[in-house]
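Chemist: Below you'll find input_17.txt; it's compact mmCIF, C-alpha atoms.
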# COMPACT_ATOMS: atom_id res chain seq x y z
CA MET G 1 3.69 37.47 0.26
CA ALA G 2 3.08 33.75 0.64
CA LYS G 3 -0.60 32.84 0.70
CA LYS G 4 -2.21 30.89 3.53
CA ILE G 5 -4.71 28.17 2.68
CA ALA G 6 -6.60 26.48 5.51
CA PHE G 7 -8.10 23.00 5.31
CA ILE G 8 -10.88 22.45 7.85
CA GLY G 9 -11.58 18.73 8.08
CA ALA G 10 -8.09 18.01 6.76
CA GLY G 11 -8.42 14.44 8.03
CA SER G 12 -10.39 13.71 4.85
CA ILE G 13 -7.06 12.42 3.63
CA GLY G 14 -7.85 11.64 0.00
CA PHE G 15 -9.34 15.07 -0.67
CA THR G 16 -6.70 17.04 1.22
CA LYS G 17 -3.79 15.15 -0.34
CA ALA G 18 -5.09 15.74 -3.89
CA LEU G 19 -6.05 19.37 -3.35
CA VAL G 20 -2.72 20.36 -1.75
CA ARG G 21 -0.84 18.56 -4.54
CA ASP G 22 -2.84 20.59 -7.08
CA ILE G 23 -2.37 23.91 -5.28
CA LEU G 24 1.41 23.54 -5.07
CA SER G 25 1.60 22.65 -8.76
CA PHE G 26 0.88 26.31 -9.63
CA PRO G 27 4.14 28.35 -9.60
CA ALA G 28 2.40 31.34 -7.99
CA LEU G 29 1.23 29.16 -5.07
CA GLN G 30 4.32 27.02 -4.47
CA ASP G 31 5.36 29.02 -1.41
CA SER G 32 1.91 28.79 0.21
CA HIS G 33 1.44 28.04 3.87
CA ILE G 34 -0.89 25.06 4.26
CA ALA G 35 -2.76 25.10 7.57
CA LEU G 36 -4.31 21.73 8.41
CA MET G 37 -7.07 21.48 11.00
CA ASP G 38 -9.09 18.48 12.18
CA ILE G 39 -10.73 17.27 15.38
CA ASN G 40 -9.25 13.76 14.98
CA ALA G 41 -5.65 13.85 16.22
CA GLU G 42 -4.63 10.61 14.53
CA ARG G 43 -5.93 11.61 11.11
CA LEU G 44 -4.47 15.09 11.51
CA ASP G 45 -1.03 13.71 12.25
CA PHE G 46 -1.31 11.38 9.25
CA ILE G 47 -2.26 14.09 6.75
CA HIS G 48 0.49 16.32 8.18
CA ARG G 49 3.03 13.62 7.25
CA VAL G 50 1.44 13.27 3.80
CA ILE G 51 1.67 17.00 3.01
CA LYS G 52 5.27 17.25 4.25
CA ARG G 53 6.16 14.42 1.85
CA ILE G 54 4.47 16.21 -1.07
CA ILE G 55 6.38 19.42 -0.27
CA GLU G 56 9.67 17.52 -0.09
CA ALA G 57 8.99 15.58 -3.30
CA GLY G 58 8.27 18.79 -5.22
CA ASN G 59 11.09 20.69 -3.54
CA TYR G 60 8.55 23.43 -2.92
CA PRO G 61 9.21 26.45 -0.66
CA ALA G 62 5.79 25.81 0.93
CA THR G 63 5.27 25.35 4.67
CA VAL G 64 2.70 23.31 6.58
CA THR G 65 1.28 23.31 10.11
CA ALA G 66 -1.26 21.07 11.80
CA THR G 67 -3.57 22.15 14.60
CA MET G 68 -6.79 21.19 16.33
CA ASP G 69 -7.51 24.90 16.92
CA ARG G 70 -9.79 26.16 14.16
CA ALA G 71 -9.13 29.83 14.91
CA GLU G 72 -5.39 29.27 14.61
CA ALA G 73 -5.83 27.61 11.23
CA LEU G 74 -8.10 30.35 9.90
CA LYS G 75 -6.37 33.52 11.10
CA GLY G 76 -5.21 35.48 8.08
CA ALA G 77 -6.13 32.76 5.57
CA ASP G 78 -6.49 33.72 1.91
CA GLY G 79 -8.33 30.51 1.05
CA VAL G 80 -10.37 28.02 3.06
CA VAL G 81 -11.53 24.50 2.13
CA THR G 82 -14.03 22.46 4.15
CA THR G 83 -14.17 18.67 3.82
CA ILE G 84 -15.81 17.69 7.10
CA LEU G 85 -17.95 14.73 8.15
CA HIS G 86 -19.99 15.38 11.29
CA GLY G 87 -20.31 12.09 13.14
CA GLU G 88 -18.82 8.67 12.51
CA VAL G 89 -20.50 5.72 10.80
CA ASP G 90 -22.35 4.76 13.97
CA VAL G 91 -24.15 8.11 13.77
CA TRP G 92 -24.98 8.57 10.09
CA GLN G 93 -25.72 4.90 9.33
CA HIS G 94 -29.22 5.52 10.70
CA ASP G 95 -29.86 8.01 7.88
CA ILE G 96 -29.93 4.92 5.66
CA LEU G 97 -31.11 2.18 8.05
CA ILE G 98 -34.26 3.91 9.30
CA PRO G 99 -35.69 4.82 5.85
CA LYS G 100 -35.02 1.25 4.67
CA LYS G 101 -37.09 -0.05 7.59
CA TYR G 102 -40.03 1.94 6.17
CA GLY G 103 -39.35 0.96 2.55
CA VAL G 104 -37.14 3.79 1.23
CA ASP G 105 -34.13 2.10 -0.37
CA THR G 106 -31.01 4.30 -0.29
CA ASN G 107 -27.73 3.96 -2.17
CA VAL G 108 -25.62 6.88 -0.88
CA GLY G 109 -27.88 9.20 1.10
CA ASP G 110 -25.57 12.21 1.38
CA THR G 111 -27.38 14.78 -0.76
CA ARG G 112 -31.19 14.76 -0.59
CA GLY G 113 -34.12 12.60 0.42
CA PRO G 114 -34.63 11.77 4.12
CA SER G 115 -31.03 10.56 4.43
CA GLY G 116 -29.46 13.67 2.93
CA ILE G 117 -31.82 15.96 4.83
CA PHE G 118 -30.86 14.55 8.22
CA ARG G 119 -27.20 14.66 7.26
CA PHE G 120 -27.73 18.36 6.55
CA LEU G 121 -29.55 18.96 9.84
CA ARG G 122 -26.53 17.60 11.72
CA THR G 123 -23.81 19.08 9.52
CA VAL G 124 -25.21 22.60 9.21
CA ASN G 125 -24.32 23.28 12.84
CA PRO G 126 -20.51 22.90 12.53
CA ILE G 127 -20.54 24.39 9.03
CA MET G 128 -22.21 27.56 10.33
CA ASP G 129 -19.68 27.69 13.18
CA ILE G 130 -16.88 27.45 10.62
CA ALA G 131 -18.48 30.17 8.49
CA ALA G 132 -18.74 32.42 11.55
CA ASP G 133 -15.03 31.89 12.23
CA ILE G 134 -14.15 32.65 8.60
CA ASP G 135 -16.12 35.88 8.90
CA ARG G 136 -14.26 36.67 12.13
CA TYR G 137 -10.68 35.62 11.35
CA CYS G 138 -10.31 35.86 7.55
CA PRO G 139 -13.32 37.78 6.16
CA GLY G 140 -11.73 38.32 2.76
CA ALA G 141 -10.88 34.66 2.19
CA VAL G 142 -12.14 32.56 -0.69
CA TYR G 143 -14.24 29.81 0.94
CA LEU G 144 -14.72 26.58 -1.03
CA ASN G 145 -16.89 23.81 0.39
CA TYR G 146 -16.66 20.14 -0.60
CA THR G 147 -18.92 18.81 2.18
CA ASN G 148 -22.30 17.26 1.34
CA PRO G 149 -25.19 17.87 1.18
CA MET G 150 -23.68 20.58 -0.97
CA ALA G 151 -26.68 22.66 -2.02
CA MET G 152 -28.31 22.98 1.40
CA LEU G 153 -25.05 23.74 3.23
CA CYS G 154 -24.04 26.39 0.69
CA ARG G 155 -27.52 27.89 0.81
CA ALA G 156 -27.37 28.17 4.60
CA VAL G 157 -23.93 29.82 4.59
CA GLN G 158 -24.65 32.18 1.70
CA GLY G 159 -27.97 33.15 3.24
CA LYS G 160 -26.36 34.33 6.47
CA TYR G 161 -23.10 35.65 4.97
CA PRO G 162 -24.03 37.07 1.56
CA HIS G 163 -20.82 39.13 1.46
CA MET G 164 -18.60 36.04 1.77
CA MET G 165 -16.69 34.93 -1.34
CA ALA G 166 -18.01 31.39 -1.14
CA SER G 167 -18.97 28.53 -3.42
CA GLY G 168 -19.48 24.79 -3.23
CA LEU G 169 -17.55 22.45 -5.49
CA CYS G 170 -18.34 19.01 -6.86
CA HIS G 171 -16.38 16.94 -9.37
CA SER G 172 -19.51 15.52 -10.99
CA VAL G 173 -19.65 18.18 -13.72
CA GLN G 174 -16.16 17.77 -15.13
CA GLY G 175 -16.17 14.05 -14.34
CA THR G 176 -19.35 13.37 -16.30
CA ALA G 177 -18.20 15.60 -19.18
CA LYS G 178 -15.03 13.51 -19.47
CA MET G 179 -17.08 10.30 -19.40
CA LEU G 180 -19.35 11.49 -22.22
CA ALA G 181 -16.35 12.63 -24.27
CA ASP G 182 -14.76 9.22 -23.87
CA TRP G 183 -17.96 7.52 -25.01
CA ILE G 184 -17.89 9.35 -28.34
CA GLY G 185 -14.11 9.29 -28.79
CA ALA G 186 -13.66 13.03 -28.42
CA PRO G 187 -10.53 14.65 -26.91
CA MET G 188 -11.61 16.64 -23.86
CA GLU G 189 -9.90 19.79 -25.14
CA GLU G 190 -12.32 19.79 -28.10
CA ILE G 191 -15.42 19.61 -25.88
CA SER G 192 -17.39 22.61 -24.61
CA TYR G 193 -20.65 22.65 -22.70
CA THR G 194 -23.11 24.60 -20.60
CA CYS G 195 -24.22 22.85 -17.43
CA ALA G 196 -26.88 24.20 -15.09
CA GLY G 197 -29.29 23.06 -12.41
CA ILE G 198 -28.64 22.07 -8.80
CA ASN G 199 -25.82 20.02 -7.31
CA HIS G 200 -25.88 16.37 -8.48
CA GLN G 201 -28.93 17.22 -10.59
CA ALA G 202 -27.59 19.68 -13.14
CA PHE G 203 -27.99 19.05 -16.86
CA TYR G 204 -25.76 19.74 -19.86
CA THR G 205 -28.06 22.09 -21.74
CA ASP G 206 -25.58 21.85 -24.60
CA PHE G 207 -22.66 19.49 -25.18
CA LEU G 208 -20.50 20.40 -28.17
CA TRP G 209 -17.60 18.75 -29.98
CA ASN G 210 -15.67 21.38 -31.94
CA GLY G 211 -18.74 23.59 -31.79
CA LYS G 212 -21.20 20.95 -33.07
CA ASP G 213 -23.98 19.27 -31.09
CA ALA G 214 -22.59 15.98 -29.75
CA TYR G 215 -25.87 14.70 -28.26
CA PRO G 216 -26.73 12.60 -31.35
CA LEU G 217 -23.38 10.79 -30.95
CA ILE G 218 -24.04 10.26 -27.24
CA ARG G 219 -27.49 8.86 -27.96
CA LYS G 220 -26.04 6.54 -30.60
CA ALA G 221 -23.38 5.27 -28.17
CA ILE G 222 -25.95 4.57 -25.44
CA THR G 223 -28.47 2.80 -27.67
CA GLU G 224 -26.02 0.80 -29.79
CA ARG G 225 -23.28 -0.19 -27.34
CA GLU G 226 -24.44 -2.37 -24.46
CA GLU G 227 -21.30 -1.82 -22.40
CA ILE G 228 -21.92 1.93 -22.41
CA TYR G 229 -25.61 1.58 -21.55
CA ASN G 230 -24.73 -0.72 -18.64
CA THR G 231 -22.13 1.70 -17.29
CA GLU G 232 -24.82 4.20 -16.25
CA GLN G 233 -28.21 2.53 -16.53
CA VAL G 234 -30.17 5.07 -14.49
CA ARG G 235 -28.62 8.15 -16.05
CA ASN G 236 -28.85 6.69 -19.53
CA GLU G 237 -32.56 5.98 -19.06
CA MET G 238 -33.01 9.55 -17.80
CA PHE G 239 -31.21 10.88 -20.87
CA LEU G 240 -33.32 8.81 -23.26
CA ALA G 241 -36.47 10.16 -21.57
CA LEU G 242 -35.49 13.78 -20.88
CA GLY G 243 -33.12 14.49 -23.77
CA TYR G 244 -30.33 16.00 -21.65
CA TYR G 245 -27.62 14.32 -19.59
CA VAL G 246 -27.53 14.75 -15.81
CA THR G 247 -24.46 15.13 -13.62
CA GLU G 248 -23.48 12.69 -10.85
CA SER G 249 -23.62 8.91 -10.90
CA SER G 250 -26.55 6.55 -11.43
CA GLY G 251 -26.38 5.41 -7.81
CA HIS G 252 -26.91 8.96 -6.60
CA ASN G 253 -29.50 9.89 -9.19
CA SER G 254 -31.58 6.79 -8.56
CA GLU G 255 -32.41 8.39 -5.17
CA TYR G 256 -33.49 11.78 -6.53
CA ASN G 257 -36.52 10.79 -8.59
CA PRO G 258 -39.50 8.39 -8.32
CA TRP G 259 -38.64 6.13 -11.25
CA PHE G 260 -36.06 3.51 -10.22
CA ARG G 261 -35.97 2.61 -6.51
CA LYS G 262 -39.67 2.31 -5.63
CA ARG G 263 -40.08 -1.43 -6.34
CA PRO G 264 -37.77 -4.43 -5.92
CA ASP G 265 -38.08 -5.40 -9.58
CA LEU G 266 -37.02 -1.91 -10.69
CA ILE G 267 -34.10 -1.89 -8.26
CA GLU G 268 -33.04 -5.26 -9.63
CA LYS G 269 -33.35 -4.09 -13.23
CA TYR G 270 -31.73 -0.64 -13.05
CA CYS G 271 -29.78 -0.33 -9.80
CA THR G 272 -27.77 -3.48 -9.19
CA HIS G 273 -26.07 -4.34 -12.48
CA GLY G 274 -24.41 -1.08 -13.44
CA THR G 275 -20.64 -1.14 -13.92
CA GLY G 276 -19.88 2.51 -13.06
CA TRP G 277 -17.82 3.59 -10.04
CA ASN G 278 -20.89 3.85 -7.82
CA PRO G 279 -23.09 0.74 -8.06
CA GLY G 280 -26.71 1.33 -7.18
CA GLU G 281 -27.31 -1.36 -4.60
CA TYR G 282 -28.70 -0.56 -1.17
CA ALA G 283 -26.29 1.12 1.32
CA TYR G 284 -23.31 1.05 -1.06
CA ILE G 285 -21.52 3.98 0.57
CA LEU G 286 -22.36 2.83 4.10
CA ASN G 287 -20.76 -0.52 3.39
CA GLU G 288 -17.70 1.16 1.89
CA TYR G 289 -17.26 3.36 4.97
CA ARG G 290 -17.64 0.38 7.27
CA LYS G 291 -14.70 -1.23 5.47
CA ARG G 292 -12.62 1.93 5.76
CA GLU G 293 -13.30 2.45 9.47
CA THR G 294 -10.56 0.02 10.38
CA GLY G 295 -8.67 -0.13 7.10
CA TRP G 296 -8.08 3.53 6.23
CA LYS G 297 -4.63 3.79 7.78
CA ALA G 298 -3.24 0.68 6.08
CA GLU G 299 -4.74 1.85 2.79
CA PHE G 300 -3.01 5.21 2.94
CA GLU G 301 0.25 3.87 4.45
CA LYS G 302 0.84 2.16 1.09
CA TRP G 303 1.10 5.63 -0.42
CA PHE G 304 4.33 6.24 1.49
CA GLU G 305 5.91 3.28 -0.27
CA GLU G 306 5.12 4.62 -3.77
CA PRO G 307 6.61 7.50 -5.79
CA VAL G 308 4.80 10.80 -5.22
CA ASP G 309 2.67 11.84 -8.19
CA LEU G 310 2.86 15.64 -8.46
CA ASN G 311 0.70 15.94 -11.59
CA ARG G 312 -2.23 18.31 -11.20
CA GLY G 313 -5.73 16.78 -11.13
CA GLN G 314 -9.06 18.18 -12.25
CA GLU G 315 -10.61 19.32 -8.96
CA TYR G 316 -11.56 22.98 -9.23
CA ALA G 317 -10.19 24.38 -5.94
CA SER G 318 -6.57 24.96 -6.96
CA TYR G 319 -7.55 26.60 -10.26
CA ILE G 320 -9.90 28.96 -8.41
CA PHE G 321 -7.30 29.96 -5.83
CA ASN G 322 -4.75 30.50 -8.61
CA ALA G 323 -7.20 32.67 -10.57
CA ILE G 324 -8.09 34.88 -7.61
CA PHE G 325 -4.81 35.28 -5.70
CA GLY G 326 -2.20 33.28 -7.67
CA ASP G 327 -1.12 34.22 -11.18
CA GLN G 328 -4.69 35.45 -11.81
CA THR G 329 -5.34 33.38 -14.92
CA MET G 330 -9.13 33.43 -15.32
CA PHE G 331 -10.88 30.13 -14.71
CA LYS G 332 -14.47 29.12 -15.45
CA PHE G 333 -16.02 26.35 -13.38
CA ASN G 334 -19.41 25.13 -12.20
CA GLY G 335 -20.04 26.27 -8.65
CA ASN G 336 -22.85 26.35 -6.11
CA VAL G 337 -24.23 29.84 -5.55
CA ARG G 338 -27.61 31.44 -4.86
CA ASN G 339 -29.97 31.90 -7.78
CA PHE G 340 -30.23 35.64 -8.22
CA GLY G 341 -30.95 36.04 -11.93
CA LEU G 342 -28.99 32.96 -13.00
CA ILE G 343 -31.54 30.23 -13.90
CA ASP G 344 -34.86 31.79 -14.85
CA ASN G 345 -37.10 28.79 -14.13
CA LEU G 346 -35.70 27.68 -10.76
CA PRO G 347 -36.73 29.33 -7.46
CA GLU G 348 -35.24 32.75 -6.79
CA GLY G 349 -32.57 32.56 -4.11
CA CYS G 350 -32.21 28.77 -4.03
CA CYS G 351 -28.76 27.21 -4.38
CA VAL G 352 -27.97 26.43 -8.01
CA GLU G 353 -24.95 24.96 -9.80
CA VAL G 354 -24.01 27.21 -12.71
CA PRO G 355 -20.92 28.42 -14.57
CA VAL G 356 -18.86 30.83 -12.44
CA LEU G 357 -15.88 32.93 -13.54
CA ALA G 358 -12.98 33.16 -11.07
CA SER G 359 -10.51 36.01 -11.51
CA SER G 360 -8.83 38.79 -9.55
CA ARG G 361 -12.32 40.29 -9.34
CA GLY G 362 -13.50 37.31 -7.26
CA LEU G 363 -16.33 34.93 -8.17
CA GLU G 364 -18.82 36.02 -10.83
CA PRO G 365 -21.73 33.63 -11.56
CA ILE G 366 -22.97 33.59 -15.15
CA HIS G 367 -26.63 33.89 -16.22
CA VAL G 368 -27.72 30.81 -18.19
CA GLY G 369 -31.40 31.61 -18.78
CA LYS G 370 -34.01 28.86 -18.70
CA MET G 371 -33.33 25.17 -18.26
CA PRO G 372 -35.30 22.79 -20.49
CA PRO G 373 -38.71 22.58 -18.76
CA GLN G 374 -38.59 18.81 -18.20
CA CYS G 375 -35.24 19.22 -16.42
CA ALA G 376 -36.25 22.34 -14.50
CA LEU G 377 -39.31 20.51 -13.18
CA LEU G 378 -37.22 17.74 -11.65
CA SER G 379 -34.50 20.04 -10.28
CA GLY G 380 -37.11 22.57 -9.15
CA ILE G 381 -38.89 20.09 -6.89
CA SER G 382 -35.61 19.29 -5.14
CA ALA G 383 -34.65 22.97 -4.93
CA GLN G 384 -37.95 23.87 -3.25
CA ILE G 385 -37.57 20.99 -0.80
CA GLU G 386 -34.06 22.18 0.03
CA GLU G 387 -35.33 25.71 0.63
CA MET G 388 -37.88 24.36 3.10
CA VAL G 389 -35.28 22.26 4.90
CA VAL G 390 -32.81 25.13 5.28
CA GLU G 391 -35.56 27.37 6.65
CA GLY G 392 -36.92 24.60 8.88
CA SER G 393 -33.46 24.11 10.38
CA ARG G 394 -33.01 27.85 10.92
CA LEU G 395 -36.36 28.08 12.72
CA GLY G 396 -36.03 24.77 14.58
CA ASP G 397 -39.32 23.69 12.99
CA LYS G 398 -39.69 19.89 12.90
CA GLU G 399 -43.05 20.12 11.14
CA MET G 400 -41.50 21.97 8.22
CA ILE G 401 -38.86 19.24 7.89
CA TYR G 402 -41.58 16.58 7.84
CA GLN G 403 -43.55 18.50 5.21
CA ALA G 404 -40.45 18.89 3.03
CA ILE G 405 -39.75 15.15 3.17
CA CYS G 406 -43.38 14.48 2.20
CA TYR G 407 -42.52 15.91 -1.24
CA ASP G 408 -39.27 14.03 -1.75
CA PRO G 409 -39.93 12.18 -5.03
CA LEU G 410 -38.71 8.73 -3.97
CA THR G 411 -40.21 8.90 -0.47
CA ALA G 412 -43.56 10.01 -1.86
CA ALA G 413 -43.50 7.18 -4.40
CA VAL G 414 -43.05 4.59 -1.65
CA LEU G 415 -44.74 5.82 1.56
CA SER G 416 -48.02 7.26 2.79
CA LEU G 417 -48.10 10.54 4.71
CA LYS G 418 -48.54 8.68 8.00
CA GLU G 419 -45.63 6.37 7.22
CA ILE G 420 -43.47 9.38 6.37
CA ARG G 421 -44.36 11.02 9.70
CA ASP G 422 -43.47 7.87 11.62
CA MET G 423 -40.16 7.62 9.77
CA VAL G 424 -39.29 11.28 10.33
CA ASP G 425 -40.22 11.06 14.03
CA GLU G 426 -37.91 8.08 14.43
CA MET G 427 -35.08 9.88 12.63
CA PHE G 428 -35.49 12.94 14.85
CA LYS G 429 -35.40 10.74 17.94
CA GLN G 430 -32.30 8.92 16.75
CA ASN G 431 -30.51 12.22 16.00
CA GLU G 432 -31.74 14.19 19.01
CA ALA G 433 -28.27 14.71 20.52
CA TRP G 434 -26.96 16.10 17.20
CA LEU G 435 -29.75 18.61 16.48
CA PRO G 436 -29.52 21.46 19.02
CA GLN G 437 -31.45 23.79 16.70
CA PHE G 438 -34.66 21.83 17.40
CA LYS G 439 -34.45 22.09 21.20
CA LYS G 440 -35.91 25.59 21.29
Go ahead and render the structure in this file as structure tokens.
Modeler:
Amino acid sequence: MAKKIAFIGAGSIGFTKALVRDILSFPALQDSHIALMDINAERLDFIHRVIKRIIEAGNYPATVTATMDRAEALKGADGVVTTILHGEVDVWQHDILIPKKYGVDTNVGDTRGPSGIFRFLRTVNPIMDIAADIDRYCPGAVYLNYTNPMAMLCRAVQGKYPHMMASGLCHSVQGTAKMLADWIGAPMEEISYTCAGINHQAFYTDFLWNGKDAYPLIRKAITEREEIYNTEQVRNEMFLALGYYVTESSGHNSEYNPWFRKRPDLIEKYCTHGTGWNPGEYAYILNEYRKRETGWKAEFEKWFEEPVDLNRGQEYASYIFNAIFGDQTMFKFNGNVRNFGLIDNLPEGCCVEVPVLASSRGLEPIHVGKMPPQCALLSGISAQIEEMVVEGSRLGDKEMIYQAICYDPLTAAVLSLKEIRDMVDEMFKQNEAWLPQFKK
């Protein structure tokens, strides 16, 4: 029988377009039914047109429907993908603007720190509603989440629905591995690695080229080639200090520690001259979204004038679906799951990003043992903060949220406890209409 794959938040056009293209590239999934759901009618209609064009270009026997009814999209689904954004720019811009007013300089703000925490507090509400509907309408489905903040959202869902076949996916692991391979001139098919930690802050505990340690070559490239150092200044400095390379961009990682964004001179030195895809200047992503608010349609309309590229990309979702209910070719990926005997020196039960095996048996996380202590210390602080935030949201406890933010490394490096309280109070006030869990 044809498989049904539901996209909730299908109006995230770039993601949905790429993921559907990838799914239909597998012979066993070419007759899938793609169910698109979004709350924005204009974006939903647009992505519906996009997917129909992909189906026609590939001459696939697939079908597609578009609906604003989540239950309709989910009923009988074999796979579910979430790519939602709760609130437009006028809502989430304050996640970045308010901390800046108090001295916390933010680049992206979608994962952790005060910005990521308040994004979670808003987004967890619709994500839990979606999870409840998955449990009701397609309880056996494979649920893959792409929405940030990844670790906290996955932890909330997996905590309430431990039986659900669910994981969170991020392209930072395979993306960074490809970047490192390019730096040392290695074909990607000759690279192997183990990567473990938490989302956006996992480390390659080994990185091998044809079975041999490639870290000396990476260190040589960073220290001897200025163009490579400048590509990822923050992450390269972290590598030179900690000895292991971290996933996700320098812009992101500059927010997750106390070393780079606490003084103007350090921001100038490490965060504004990088040449990677995600420059480290203040409010980079906010400014990008402001541009796209009015320009997104024209940007994507150009796609209809170009030939359709049907080549499969490197996002994990299609490979996972194919492994579980397609041709059942096993696939190993890094996914976000709860830490039950997976990383020995991170908190039990927190959300970790570890190797996971997808097959007809489902999703099987792999034990990786201990992280290097200097890496576990950094990731462990963030993991404990995330545990507090998830619990604080569940209980509707504002004080617990404040206390968690007190320990955020960058916030603590910049602000006093009183300043943090004033900042958090202002953020709660600004987001009051979006946080029903705190009205108890």
Chemist: Can you tell me how far CA of Pro372 in chain G sits from CA of Val104 in chain G, in Å to one decimal?
Modeler: 28.9 Å
Chemist: With only C-alpha atoms counted and 12 Å as the cut-off, give the residues of range 269-385 of chain G in contact with range 392-406 of chain G, each with its shortest interatomic distance in Å and the pair that gives it, as a Markdown table.
Modeler:
| residue | atom | partner | partner_atom | distance |
| --- | --- | --- | --- | --- |
| G:Ile381 | CA | G:Ala404 | CA | 10.1 |
| G:Ser382 | CA | G:Ala404 | CA | 9.5 |
| G:Ala383 | CA | G:Ala404 | CA | 10.7 |
| G:Gln384 | CA | G:Ala404 | CA | 8.4 |
| G:Ile385 | CA | G:Ala404 | CA | 5.2 |
Chemist: Determine the nearest neighbour of Arg112 in chain G from the options G:Met150, G:Leu266, G:Ile285, G:Met330, counting all atoms listed in the file.
Modeler: G:Met150
Chemist: When you look at Ile34 in chain G with a cut-off of 9 Å (counting all atoms listed in the file), what residues show up, excluding the ones that are within fewer than 5 positions of it in the same chain? I need them as a PyMOL selection string.
Modeler: chain G and resi 3-7+20+51+62-66+73
Chemist: Compile the contact shell of His367 in chain G as a PyMOL selection string: residues with an atom at most 12 Å away, counting only C-alpha atoms, same-chain residues fewer than 3 positions apart removed.
Modeler: chain G and resi 194-197+337-345+352-357+364+370-371
Chemist: Do a neighbour search on Val234 in chain G at 9 Å with all atoms listed in the file, toss out local chain neighbours closer than 4 positions, and write the hits as a PyMOL selection string.
Modeler: chain G and resi 230+238-239+249-251+253-254+260+270-271+274+280
